[in-house]
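Notes for the one structure printed next.
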Amino acid sequence: MKKIIIIGVVAVVLIVGGILAYFMIFKSDPKEVEIVYFEYSFDEGYFNLSDENKIAKATIVIEYTDEEVLAQITKKKTALVNNINEIFRREKYEDVSKATGMQRLREKIKQMVIETLESDSDKITNVYFETFIIQG
């Protein structure tokens with residue numbers, strides 16, 4: 001009788017240990033998914049600043065991770081360009097030329113892109129200025 005109990009306990013321990021070992025070895029090591037980034041570059045644009053006689057010349061690049069975003073950008077390109085113009089028209093030269101001014105402007109444009117495309121920050125990852133010059 002004692003041998004049967006001992007064999008039963010050992011069998012249960014081996015089965016449970018085997019199951020735990022399987023999950024620890026094969027299931028706990030998720031492969032890291034490599035994120036692929038895509039970019040869409042708008043044509044060079046000229047944008048009025050709120051200051052008189054100040055114009056910004058910029059090429060804006062949107063970085064995204066979902067290939068389907070390109071179709072949305074193409075579909076809503078006119079709205080995006082219009083909204084970018086509106087953002088620039090609210091900016092002053094003094095604000096944009098500060099150390100954090102361009103970063104703040106990029107963040108405003110990124111949030112606008114996310115809202116316009118009804119997307120999120122996982123898909124729209126960044127906005128860059130390929131060129132940025134203020135004249136006037």
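Chain labels A, B, ... are given in the sequence in which chains occur in the structure tokens; within each chain residues are numbered consecutively from 1, and ligands are likewise numbered from 1 in the order shown.
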query = Skipping near chain neighbours, those fewer than 5 positions away, what residues fall within 9 Å of Ser97 of chain A using only C-alpha atoms, listed as JSON, numbers by chain?
reply = {"A": [92, 102, 134]}
Would you mind exporting the chosen residues as a PDB file, in the first residue's frame, restricted to N, CA and C atoms?
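Produced file part12.pdb, reproduced below:
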ATOM      1  N   LYS A  92       4.235  81.690 -32.969  1.00  0.00           N
ATOM      2  CA  LYS A  92       5.038  82.905 -33.077  1.00  0.00           C
ATOM      3  C   LYS A  92       6.492  82.503 -33.276  1.00  0.00           C
ATOM      4  N   MET A 102      10.643  73.692 -31.436  1.00  0.00           N
ATOM      5  CA  MET A 102      10.441  72.762 -32.552  1.00  0.00           C
ATOM      6  C   MET A 102       9.882  71.427 -32.060  1.00  0.00           C
ATOM      7  N   ILE A 134      12.982  79.541 -41.170  1.00  0.00           N
ATOM      8  CA  ILE A 134      12.074  80.665 -41.004  1.00  0.00           C
ATOM      9  C   ILE A 134      12.657  81.869 -41.707  1.00  0.00           C
TER      10      ILE A 134
END
request  = Within chain A, find each residue whose DSSP state, derived from the backbone, is strand (DSSP E or B), and express the selection as a PyMOL selection string.
outcome  = chain A and resi 38-41+45-48+55-64+124-135
inquiry  = So, with only C-alpha atoms as the atoms that count, which of A:Glu63, A:Glu86, A:Asp51, A:Glu130 lies closest to Ile114 of chain A?
reply    = A:Glu63
message = From the options A:Val81, A:Ile60, A:Ala71, A:Val113, which residue's atoms come nearest to Tyr128 of chain A, counting only C-alpha atoms?
response =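 So, comparing all the options, the nearest one is A:Ile60.
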request  = Select, from A:Ala21, A:Val16, A:Ala58, A:Val33, the residue with the minimum atom-to-atom distance to Ile133 of chain A, counting only C-alpha atoms.
outcome  = A:Ala58
Helix (DSSP H, G or I) per DSSP on the backbone: members of chain A, as a PyMOL selection string = chain A and resi 2-27+69-75+77-89+93-96+101-116
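Considering the residues A:Val36, A:Ile7, A:Met1, A:Ile87 and counting only C-alpha atoms, Ser50 of chain A has its shortest atom-to-atom contact with A:Ile87.
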message = Which residues are close to Gln103 of chain A, i.e. within 10 Å by only C-alpha atoms, leaving aside same-chain residues fewer than 6 positions away? Reply as an MDAnalysis selection string.
response = chainID A and resid 96 109 127:129
Next, write the just-selected residues to a file, as a CSV table (one decimal), in the first residue's frame, keeping C-alpha atoms as the atom set.
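Writing the result to out_36.csv gives the following:
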chain,number,residue,atom,x,y,z
A,96,VAL,CA,9.3,78.2,-32.5
A,109,ILE,CA,1.5,68.2,-35.5
A,127,VAL,CA,6.8,63.6,-36.9
A,128,TYR,CA,10.0,65.0,-38.2
A,129,PHE,CA,11.1,68.2,-40.0
